[in-house]
Amino acid sequence: MLISYREALNQAMREEMQRDSRVFLIGEEVGYYQGAFKVSKGFVEEFGVERVLDTPITEAGFTGLAVGAAMAGLRPIVELMTFNFGILALDQIVNNAAKVRYMSGGQLSAPMVIRGPGSAAHQLAAQHSQSLEAWFCHVPGLKVIAPATPSDAKGLLKSAIRDENPVIFIEAQLLYGTKGEVPDHDYSLPIGKAAVTRTGSDVTIVAYSKMALLALEAAEALSKEGINAEVIDLRTLKPLDTDTLLESVKKTGRVVIVEEGWEFCGLGAQIAETIYSKGFDLLDGPIVRVAGEEVPMPYTRPLEDLAIPDAARVISAVKKNL
Amino acid sequence: MSIRNVDQSGLLMVNSKLDPNSNKNDLLALYRYMLLIRRFEEKSAEMYALAKIAGFLHLYIGQEAVAVGCIHAIRPDDYVIASYRDHGHCLAKGSDPKKVMAELFGKATGLCKGKGGSMHLIDVERHFMGGYAIVGGHLPLAVGLAFASRYRKEDRVVLCFFGDGAVPSGHTHEAFNLAALWKLPVIFICENNRYGMGTPVEREMLLYKDIAERARAHGIESEQVDGMDVLAVKELTARVVKKMRKDPQPFFIEASTYRFMGHSMSDPAHGHYRTKEEVGEARKQDPLIFLKTRILQDGLANEADFKQMDKEVIQTVTESVKFADESPFPDPGALHEDVLVE
Ligand SMILES: Cc1ncc(C[n+]2csc(CCOP(=O)(O)OP(=O)(O)O)c2C)c(N)n1
């Protein structure tokens with residue numbers, strides 16, 4: 001069936017909540033308001049206020065509550081209205097959720113999903129348009145997922161909810177309305193497996209989330225010029241699917257990495273390093289990175305457009321690489 | 001400076017008769033647990049000096065009555081969660097002193113296989129959900145544990161211990177607010193030992209005089225208790241827990257107490273922020289002496305009994321050190337274990 005990214009997430013959560021009574025949803029406006037982005041539409045009616053909990057605006061408090069509940073055997077899904085506000089919950093995520101298993105020598109864990117929109121939408125300015133996935137990837141004890149399509153969103157969110165670990169699940173705000181084919185049967189996708197969304201032989205474009213769609217757009221344009229790009233959508237940022245990356249580089253010998261986040265200490269640096277250290281011999285030239293500009297996101301549209309990678313930049317990066 | 005807001009003179013209170021309903025064995029058990037914590041920590045300090053224990057070591061000496069009084073008023077399956085000053089709570093919850101000492105030594109046989117250390121003792125089997133080192137950061141976890149209890153329709157309660165220094169934190173107020181809003185069965189126990197590290201409580205909070213007021217502002221009922229009197233602490237906790245099991249509501253206890261040692265082992269007993277005299281005065285209010293005097297006065301035990309008990313406790317602690325010392329460090333392979341559930 002053809003459904004939106006938003007509906008895919010809704011289905012994943014609904015099916016998992018039906019399947020497992022330990023799963024509950026908590027966050028600001030997830031109940032009666034049905035989610036700031038309407039991802040939890042119909043949930044209060046179906047599951048009641050005991051399992052769909054509207055919270056006060058206290059990211060640290062309710063994220064911490066969810067960590068405690070997970071430690072006690074429940075399976076919370078925390079919806080952050082956006083990951084920008086997740087910064088207020090960072091202590092709970094980094095110091096508690098990610099650490100409790102190790103600190104307890106394996107006695108405890110915090111099986112939970114922390115999800116919500118990330119990266120930029122249109123003209124939301126500096127405090128509402130950030131791609132912070134690298135922050136979470138940096139922390140041992142967390143898994144990080146950033147799906148680009150409805151079917152990936154559904155399959156991966158189900159796996160995230162079933163996972164025994166804390167999982168950061170970043171949904172690009174601009175993707176909620178995008179549509180795609182989603183299988184009718186019950187399915188889940190493995191965490192840690194990238195997708196080759198376009199096969200090609202000249203260059204590998206590595207991207208994730210919104211940028212994975214941008215990479216496809218650029219690849220289509222390039223094909224008209226006779227350049228055959230392979231596109232890898234990472235889907236899971238941590239653990240990183242190194243095998244799929246190297247497999248592709250073996251074929252193409254050239255790599256362009258695209259991310260919306262800032263370049264310095266960004267995810268692209270890690271991906272490039274992984275390829276250099278494990279597949280240097282496979283490369284026919286240096287890896288090229290395309291990333292968000294090193295600025296807080298400007299409000300004004302002309303500058304915002306410049307701050308975020310677009311297809312033209314990806315195309316010129318590929319050409320520079322060849 | 002008095003540390004009690006109840007009665008200035010400890011002696012006066014000691015003169016009061018014990019509750020005739022108190023079982024002699026109960027009283028001795030309370031004393032024994034306090035003594036175990038005391039001797040265990042005195043020994044840990046020694047081991048720290050010998051570099052057998054490293055890192056931060058925050059001793060609980062002086063505050064024993066709070067952990068022991070509260071924890072002896074709950075069931076074994078009730079949750080307890082604490083800050084980094086957690087040896088007392090862990091031992092009071094019944095953890096094996098050998099495993100606790102081994103954890104302080106960083107040994108593979110420790111409660112957390114040596115990966116938690118002094119500040120992160122965790123014993124899930126005993127529902128001791130851990131010590132946490134970010135001031136105020138574990139209060140939301142406590143609320144989550146209470147939430148899980150309610151979600152599963154259990155009558156389990158949660159005791160959450162923290163210092164006065166945690167009270168102004170944002171986590172704390174978010175936790176108070178959520179617990180009150182959702183009527184969750186958690187007792188917040190503020191161990192007011194008058195200092196957050198070197199900052200006296202008067203410099204932490206304007207209007208410090210009534211810390212419990214902060215909880216009341218969130219609609220949480222509260223009471224103050226003499227944290228040097230284990231019986232008073234236990235009586236209050238038992239009363240609150242009884243009500244809470246039937247009618248879940250958070251509760252806030254402010255226990256006035258005092259730490260006789262420095263903030264941590266890197267800090268002398270008094271430091272620059274308090275005087276020797278003040279510490280000396282406080283030591284006169286020792287919770288162990290307090291209970292012992294009452295037991296003696298009421299003739300429930302004699303000096304010889306106490307001597308015998310001390311001998312046994314010291315033996316337990318000695319064995320814990322021997323166990324810790326002889327235990328192996330974790331294998332290098334353990335470095336990467338337990339990061340994620342595989
Ligand atoms: C968020 C945070 N800030 C600072 C510290 C450093 N620190 C550790 S203990 C402490 C004092 C806490 O005092 P209190 O809460 O009263 O507990 P007590 O040590 O008296 O038991 C400070 C400032 C910390 N661990 N966490």
# chains A, B, ... in the order shown; residues from 1 in each chain; ligands from 1
call {"tool": "select_by_dssp", "arguments": {"residues": "stretch 12-216 of chain A", "states": "strand (DSSP E or B)", "output": "ChimeraX atom specification"}}
result
/A:23-27,52-54,75-79,112-118,143-145,166-172,179-181,195-198,203-207
call {"tool": "residues_near_ligand", "arguments": {"ligand": "ligand 1", "cutoff": "8 Å", "atoms": "only C-alpha atoms and all ligand atoms", "output": "list of chain:residue names"}}
result
B:His58, B:Tyr60, B:Ser83, B:Tyr84, B:Arg85, B:Ala133, B:Ile134, B:Val135, B:Gly136, B:Gly137, B:Phe162, B:Gly163, B:Asp164, B:Gly165, B:Ala166, B:Val167, B:Ser169, B:Glu191, B:Asn192, B:Asn193, B:Arg194, B:Tyr195, B:Gly196, B:Met197, B:Gly198, B:Thr199, B:Val201, B:Arg259, B:His263
call {"tool": "write_last_selection", "arguments": {"atoms": "N, CA, C and O atoms", "output": "compact mmCIF listing (two decimals), in the first residue's frame"}}
result
# COMPACT_ATOMS: atom_id res chain seq x y z
N HIS B 58 32.98 8.50 48.26
CA HIS B 58 32.19 9.38 49.12
C HIS B 58 31.66 8.57 50.29
O HIS B 58 30.85 7.67 50.09
N TYR B 60 29.68 7.71 53.82
CA TYR B 60 28.32 7.97 54.31
C TYR B 60 28.31 8.09 55.83
O TYR B 60 27.27 8.25 56.45
N SER B 83 22.16 8.37 45.15
CA SER B 83 23.21 9.13 44.47
C SER B 83 24.53 8.36 44.59
O SER B 83 24.55 7.19 44.94
N TYR B 84 25.62 9.04 44.31
CA TYR B 84 26.95 8.42 44.36
C TYR B 84 27.39 8.09 45.78
O TYR B 84 28.33 7.34 45.97
N ARG B 85 26.73 8.67 46.79
CA ARG B 85 27.10 8.36 48.18
C ARG B 85 26.25 7.15 48.59
O ARG B 85 25.37 7.23 49.43
N ALA B 133 25.82 9.35 39.52
CA ALA B 133 26.80 10.36 39.88
C ALA B 133 26.51 11.75 39.37
O ALA B 133 27.27 12.66 39.63
N ILE B 134 25.42 11.92 38.65
CA ILE B 134 25.08 13.26 38.21
C ILE B 134 24.06 13.81 39.21
O ILE B 134 22.98 13.24 39.38
N VAL B 135 24.43 14.87 39.87
CA VAL B 135 23.58 15.37 40.95
C VAL B 135 22.18 15.70 40.41
O VAL B 135 22.04 16.46 39.46
N GLY B 136 21.18 15.07 40.98
CA GLY B 136 19.78 15.29 40.58
C GLY B 136 19.34 14.40 39.44
O GLY B 136 18.15 14.21 39.22
N GLY B 137 20.28 13.82 38.71
CA GLY B 137 19.96 13.07 37.49
C GLY B 137 19.17 11.80 37.71
O GLY B 137 18.52 11.30 36.79
N PHE B 162 18.76 11.38 47.93
CA PHE B 162 19.62 12.39 47.31
C PHE B 162 20.02 13.42 48.36
O PHE B 162 19.43 13.44 49.46
N GLY B 163 20.98 14.26 48.03
CA GLY B 163 21.45 15.25 48.99
C GLY B 163 20.74 16.58 48.84
O GLY B 163 20.00 16.80 47.88
N ASP B 164 20.98 17.45 49.76
CA ASP B 164 20.41 18.80 49.69
C ASP B 164 20.87 19.52 48.42
O ASP B 164 20.14 20.32 47.85
N GLY B 165 22.08 19.17 47.96
CA GLY B 165 22.60 19.82 46.77
C GLY B 165 21.79 19.55 45.52
O GLY B 165 21.85 20.31 44.54
N ALA B 166 21.02 18.47 45.53
CA ALA B 166 20.23 18.10 44.35
C ALA B 166 18.92 18.87 44.28
O ALA B 166 18.26 18.86 43.24
N VAL B 167 18.56 19.51 45.37
CA VAL B 167 17.21 20.10 45.42
C VAL B 167 16.99 21.22 44.40
O VAL B 167 15.93 21.26 43.77
N SER B 169 18.17 21.50 41.49
CA SER B 169 18.36 21.06 40.10
C SER B 169 17.06 20.97 39.32
O SER B 169 15.99 20.65 39.86
N GLU B 191 18.54 13.84 52.04
CA GLU B 191 19.43 13.72 53.19
C GLU B 191 20.15 15.05 53.33
O GLU B 191 21.15 15.30 52.69
N ASN B 192 19.57 15.87 54.16
CA ASN B 192 20.15 17.20 54.34
C ASN B 192 21.31 17.12 55.31
O ASN B 192 21.13 17.18 56.52
N ASN B 193 22.50 16.97 54.73
CA ASN B 193 23.69 16.92 55.58
C ASN B 193 24.35 18.31 55.64
O ASN B 193 25.50 18.44 56.02
N ARG B 194 23.60 19.29 55.22
CA ARG B 194 23.97 20.70 55.34
C ARG B 194 25.00 21.19 54.33
O ARG B 194 25.27 22.37 54.27
N TYR B 195 25.57 20.30 53.54
CA TYR B 195 26.56 20.74 52.55
C TYR B 195 26.41 20.00 51.24
O TYR B 195 26.21 18.79 51.22
N GLY B 196 26.52 20.75 50.17
CA GLY B 196 26.73 20.14 48.87
C GLY B 196 28.20 20.38 48.58
O GLY B 196 28.59 21.51 48.29
N MET B 197 29.01 19.36 48.71
CA MET B 197 30.45 19.51 48.62
C MET B 197 30.90 20.57 49.64
O MET B 197 30.72 20.35 50.83
N GLY B 198 31.36 21.72 49.20
CA GLY B 198 31.79 22.74 50.15
C GLY B 198 30.79 23.86 50.31
O GLY B 198 31.06 24.85 51.00
N THR B 199 29.66 23.73 49.65
CA THR B 199 28.68 24.82 49.70
C THR B 199 27.61 24.55 50.74
O THR B 199 26.85 23.59 50.62
N VAL B 201 24.22 24.72 52.75
CA VAL B 201 22.88 24.72 52.19
C VAL B 201 22.30 26.14 52.12
O VAL B 201 21.54 26.46 51.20
N ARG B 259 27.36 14.68 57.54
CA ARG B 259 28.43 13.72 57.22
C ARG B 259 29.65 14.07 58.05
O ARG B 259 30.08 15.22 58.08
N HIS B 263 33.74 15.59 51.91
CA HIS B 263 32.83 15.27 50.81
C HIS B 263 33.23 13.96 50.13
O HIS B 263 32.41 13.12 49.83
call {"tool": "interface_residues", "arguments": {"of": "chain A", "to": "chain B", "cutoff": "8 Å", "atoms": "only C-alpha atoms", "output": "ChimeraX atom specification"}}
result
/A:50,55-56,58,60-74,91-92,95,99,101-109,140-142,164-165
call {"tool": "atom_distance", "arguments": {"atom1": "atom CA of A:Ala272", "atom2": "atom CA of A:Leu156"}}
result
24.6 Å
call {"tool": "residues_around", "arguments": {"residues": "A:Gly177", "least_positions_apart": "2", "cutoff": "8 Å", "atoms": "only C-alpha atoms", "output": "list in words"}}
result
Ser4, Tyr5, Arg6, Leu174, Leu175 and Lys179 of chain A
call {"tool": "closest_residue", "arguments": {"among": "A:Leu124, A:Ala311, A:Val258, A:Ala172", "to": "A:Met297", "atoms": "only C-alpha atoms"}}
result
A:Leu124
call {"tool": "select_by_dssp", "arguments": {"residues": "stretch 92-148 of chain A", "states": "alpha helix (DSSP H)", "output": "JSON, numbers by chain"}}
result
{"A": [100, 101, 102, 103, 133, 134, 135, 136, 137]}
call {"tool": "residues_around", "arguments": {"residues": "B:Pro185", "least_positions_apart": "4", "cutoff": "7 Å", "atoms": "only C-alpha atoms", "output": "list in words"}}
result
Ala146, Val157, Val158, Met244, Pro248, Gln249 and Pro250 of chain B
call {"tool": "residues_around", "arguments": {"residues": "A:Leu25", "least_positions_apart": "3", "cutoff": "8 Å", "atoms": "only C-alpha atoms", "output": "PyMOL selection string"}}
result
chain A and resi 30+51-53+76-79
call {"tool": "residues_around", "arguments": {"residues": "A:Ile191", "least_positions_apart": "6", "cutoff": "8 Å", "atoms": "only C-alpha atoms", "output": "PDB file with all heavy atoms, in the first residue's frame"}}
result
ATOM      1  N   ILE A 145      19.308   5.405  14.378  1.00  0.00           N
ATOM      2  CA  ILE A 145      18.644   5.069  13.117  1.00  0.00           C
ATOM      3  C   ILE A 145      18.067   6.341  12.508  1.00  0.00           C
ATOM      4  O   ILE A 145      17.540   7.195  13.231  1.00  0.00           O
ATOM      5  CB  ILE A 145      17.514   4.048  13.380  1.00  0.00           C
ATOM      6  CG1 ILE A 145      18.114   2.744  13.921  1.00  0.00           C
ATOM      7  CG2 ILE A 145      16.692   3.786  12.121  1.00  0.00           C
ATOM      8  CD1 ILE A 145      17.084   1.713  14.342  1.00  0.00           C
ATOM      9  N   LEU A 156      12.092  -0.403  10.481  1.00  0.00           N
ATOM     10  CA  LEU A 156      13.155  -0.118  11.453  1.00  0.00           C
ATOM     11  C   LEU A 156      12.598   0.318  12.795  1.00  0.00           C
ATOM     12  O   LEU A 156      13.163   0.010  13.839  1.00  0.00           O
ATOM     13  CB  LEU A 156      14.108   0.949  10.890  1.00  0.00           C
ATOM     14  CG  LEU A 156      15.065   0.413   9.823  1.00  0.00           C
ATOM     15  CD1 LEU A 156      15.710   1.559   9.041  1.00  0.00           C
ATOM     16  CD2 LEU A 156      16.147  -0.462  10.448  1.00  0.00           C
ATOM     17  N   SER A 159      11.790  -2.755  14.681  1.00  0.00           N
ATOM     18  CA  SER A 159      12.993  -3.383  15.244  1.00  0.00           C
ATOM     19  C   SER A 159      13.518  -2.580  16.424  1.00  0.00           C
ATOM     20  O   SER A 159      13.993  -3.147  17.402  1.00  0.00           O
ATOM     21  CB  SER A 159      14.082  -3.476  14.181  1.00  0.00           C
ATOM     22  OG  SER A 159      13.647  -4.278  13.124  1.00  0.00           O
ATOM     23  N   ALA A 160      13.439  -1.269  16.309  1.00  0.00           N
ATOM     24  CA  ALA A 160      13.925  -0.414  17.395  1.00  0.00           C
ATOM     25  C   ALA A 160      13.129  -0.667  18.670  1.00  0.00           C
ATOM     26  O   ALA A 160      13.680  -0.745  19.763  1.00  0.00           O
ATOM     27  CB  ALA A 160      13.837   1.056  16.991  1.00  0.00           C
ATOM     28  N   THR A 236      20.759   2.858   9.144  1.00  0.00           N
ATOM     29  CA  THR A 236      21.255   2.822  10.519  1.00  0.00           C
ATOM     30  C   THR A 236      22.611   3.521  10.547  1.00  0.00           C
ATOM     31  O   THR A 236      23.499   3.164   9.776  1.00  0.00           O
ATOM     32  CB  THR A 236      21.441   1.364  10.981  1.00  0.00           C
ATOM     33  OG1 THR A 236      20.198   0.688  10.897  1.00  0.00           O
ATOM     34  CG2 THR A 236      21.931   1.325  12.410  1.00  0.00           C
ATOM     35  N   PRO A 239      24.849   0.793  14.716  1.00  0.00           N
ATOM     36  CA  PRO A 239      26.097   0.412  14.059  1.00  0.00           C
ATOM     37  C   PRO A 239      26.083   0.706  12.552  1.00  0.00           C
ATOM     38  O   PRO A 239      25.045   0.617  11.917  1.00  0.00           O
ATOM     39  CB  PRO A 239      26.175  -1.097  14.315  1.00  0.00           C
ATOM     40  CG  PRO A 239      24.768  -1.534  14.537  1.00  0.00           C
ATOM     41  CD  PRO A 239      24.065  -0.379  15.161  1.00  0.00           C
TER      42      PRO A 239
END
call {"tool": "atom_distance", "arguments": {"atom1": "atom CA of B:Met261", "atom2": "atom CA of B:Met34"}}
result
15.8 Å
call {"tool": "atom_distance", "arguments": {"atom1": "atom CA of A:Asp233", "atom2": "atom CA of A:Ala312"}}
result
18.8 Å
call {"tool": "residues_around", "arguments": {"residues": "B:Pro328", "least_positions_apart": "5", "cutoff": "10 Å", "atoms": "only C-alpha atoms", "output": "JSON, numbers by chain"}}
result
{"B": [102, 105, 106, 107, 108, 109, 110, 323]}
call {"tool": "write_last_selection", "arguments": {"atoms": "N, CA, C and O atoms", "output": "JSON list (two decimals), in the first residue's frame"}}
result
[["chain", "number", "residue", "atom", "x", "y", "z"],
["B", 102, "ALA", "N", 34.37, -5.78, 46.69],
["B", 102, "ALA", "CA", 35.05, -6.16, 45.45],
["B", 102, "ALA", "C", 34.77, -5.14, 44.35],
["B", 102, "ALA", "O", 35.62, -4.86, 43.51],
["B", 105, "PHE", "N", 36.97, -2.30, 44.84],
["B", 105, "PHE", "CA", 38.32, -2.67, 44.42],
["B", 105, "PHE", "C", 38.43, -2.77, 42.89],
["B", 105, "PHE", "O", 39.52, -2.97, 42.36],
["B", 106, "GLY", "N", 37.30, -2.71, 42.22],
["B", 106, "GLY", "CA", 37.31, -2.85, 40.76],
["B", 106, "GLY", "C", 37.50, -4.28, 40.29],
["B", 106, "GLY", "O", 38.02, -4.51, 39.20],
["B", 107, "LYS", "N", 37.06, -5.22, 41.09],
["B", 107, "LYS", "CA", 37.30, -6.62, 40.76],
["B", 107, "LYS", "C", 36.13, -7.25, 39.98],
["B", 107, "LYS", "O", 34.99, -6.79, 40.06],
["B", 108, "ALA", "N", 36.47, -8.31, 39.28],
["B", 108, "ALA", "CA", 35.46, -9.00, 38.44],
["B", 108, "ALA", "C", 34.33, -9.58, 39.27],
["B", 108, "ALA", "O", 33.23, -9.80, 38.78],
["B", 109, "THR", "N", 34.60, -9.84, 40.54],
["B", 109, "THR", "CA", 33.58, -10.42, 41.42],
["B", 109, "THR", "C", 32.69, -9.36, 42.06],
["B", 109, "THR", "O", 31.82, -9.68, 42.87],
["B", 110, "GLY", "N", 32.92, -8.11, 41.71],
["B", 110, "GLY", "CA", 32.12, -7.03, 42.29],
["B", 110, "GLY", "C", 30.69, -7.08, 41.82],
["B", 110, "GLY", "O", 30.37, -7.76, 40.84],
["B", 323, "PHE", "N", 38.17, -11.11, 50.45],
["B", 323, "PHE", "CA", 37.53, -11.57, 49.21],
["B", 323, "PHE", "C", 37.87, -10.63, 48.05],
["B", 323, "PHE", "O", 38.26, -11.06, 46.97]]
call {"tool": "decode", "arguments": {"residues": "stretch 33-66 of chain A", "atoms": "N, CA and C atoms", "output": "short mmCIF file (atom, residue, chain, number, x, y, z; two decimals), in the first residue's frame"}}
result
data_model
loop_
_atom_site.label_atom_id
_atom_site.label_comp_id
_atom_site.auth_asym_id
_atom_site.auth_seq_id
_atom_site.Cartn_x
_atom_site.Cartn_y
_atom_site.Cartn_z
N TYR A 33 -3.55 15.65 21.42
CA TYR A 33 -3.15 16.45 20.26
C TYR A 33 -2.72 15.52 19.11
N GLN A 34 -2.47 14.28 19.41
CA GLN A 34 -2.08 13.22 18.47
C GLN A 34 -0.67 13.39 17.92
N GLY A 35 0.15 14.10 18.69
CA GLY A 35 1.53 14.32 18.27
C GLY A 35 1.66 15.64 17.54
N ALA A 36 2.75 16.36 17.81
CA ALA A 36 2.95 17.65 17.16
C ALA A 36 2.96 17.47 15.64
N PHE A 37 3.41 16.29 15.18
CA PHE A 37 3.42 16.01 13.75
C PHE A 37 2.42 14.90 13.40
N LYS A 38 1.50 14.70 14.33
CA LYS A 38 0.38 13.77 14.11
C LYS A 38 0.82 12.32 13.84
N VAL A 39 1.92 11.96 14.44
CA VAL A 39 2.39 10.59 14.24
C VAL A 39 1.57 9.61 15.09
N SER A 40 1.04 10.09 16.21
CA SER A 40 0.30 9.17 17.09
C SER A 40 -1.22 9.35 16.95
N LYS A 41 -1.62 9.55 15.74
CA LYS A 41 -3.04 9.74 15.48
C LYS A 41 -3.85 8.51 15.90
N GLY A 42 -4.88 8.77 16.68
CA GLY A 42 -5.77 7.68 17.08
C GLY A 42 -5.29 6.84 18.26
N PHE A 43 -4.15 7.19 18.80
CA PHE A 43 -3.57 6.34 19.86
C PHE A 43 -4.32 6.41 21.18
N VAL A 44 -4.70 7.59 21.59
CA VAL A 44 -5.40 7.69 22.89
C VAL A 44 -6.68 6.86 22.84
N GLU A 45 -7.39 6.99 21.73
CA GLU A 45 -8.64 6.25 21.60
C GLU A 45 -8.38 4.75 21.72
N GLU A 46 -7.33 4.31 21.06
CA GLU A 46 -7.09 2.87 21.05
C GLU A 46 -6.43 2.35 22.33
N PHE A 47 -5.47 3.09 22.85
CA PHE A 47 -4.68 2.53 23.97
C PHE A 47 -4.94 3.20 25.31
N GLY A 48 -5.63 4.32 25.30
CA GLY A 48 -5.95 4.97 26.57
C GLY A 48 -4.81 5.80 27.12
N VAL A 49 -5.15 6.61 28.09
CA VAL A 49 -4.16 7.54 28.63
C VAL A 49 -3.11 6.87 29.52
N GLU A 50 -3.36 5.61 29.88
CA GLU A 50 -2.35 4.90 30.67
C GLU A 50 -1.14 4.55 29.81
N ARG A 51 -1.35 4.44 28.50
CA ARG A 51 -0.26 4.02 27.61
C ARG A 51 0.13 5.09 26.60
N VAL A 52 -0.59 6.16 26.58
CA VAL A 52 -0.26 7.27 25.68
C VAL A 52 -0.25 8.51 26.56
N LEU A 53 0.94 8.88 26.99
CA LEU A 53 1.04 9.84 28.08
C LEU A 53 1.48 11.22 27.62
N ASP A 54 0.57 12.14 27.77
CA ASP A 54 0.91 13.55 27.53
C ASP A 54 1.71 14.06 28.72
N THR A 55 2.82 14.68 28.43
CA THR A 55 3.66 15.16 29.53
C THR A 55 3.71 16.68 29.56
N PRO A 56 4.08 17.23 30.70
CA PRO A 56 4.45 18.64 30.69
C PRO A 56 5.75 18.85 29.90
N ILE A 57 6.11 20.07 29.69
CA ILE A 57 7.29 20.38 28.86
C ILE A 57 8.55 20.22 29.70
N THR A 58 8.93 18.99 29.86
CA THR A 58 10.02 18.64 30.77
C THR A 58 10.82 17.49 30.16
N GLU A 59 11.60 17.80 29.14
CA GLU A 59 12.30 16.75 28.40
C GLU A 59 13.18 15.88 29.29
N ALA A 60 13.90 16.52 30.20
CA ALA A 60 14.78 15.72 31.07
C ALA A 60 13.93 14.83 31.95
N GLY A 61 12.87 15.38 32.47
CA GLY A 61 12.01 14.64 33.40
C GLY A 61 11.36 13.44 32.76
N PHE A 62 10.70 13.64 31.63
CA PHE A 62 9.98 12.49 31.08
C PHE A 62 10.90 11.51 30.38
N THR A 63 12.00 11.98 29.84
CA THR A 63 12.96 11.04 29.26
C THR A 63 13.58 10.20 30.38
N GLY A 64 13.91 10.85 31.47
CA GLY A 64 14.44 10.13 32.63
C GLY A 64 13.43 9.14 33.18
N LEU A 65 12.19 9.57 33.24
CA LEU A 65 11.13 8.66 33.71
C LEU A 65 11.11 7.41 32.83
N ALA A 66 11.21 7.62 31.53
CA ALA A 66 11.17 6.49 30.60
C ALA A 66 12.38 5.58 30.81
#
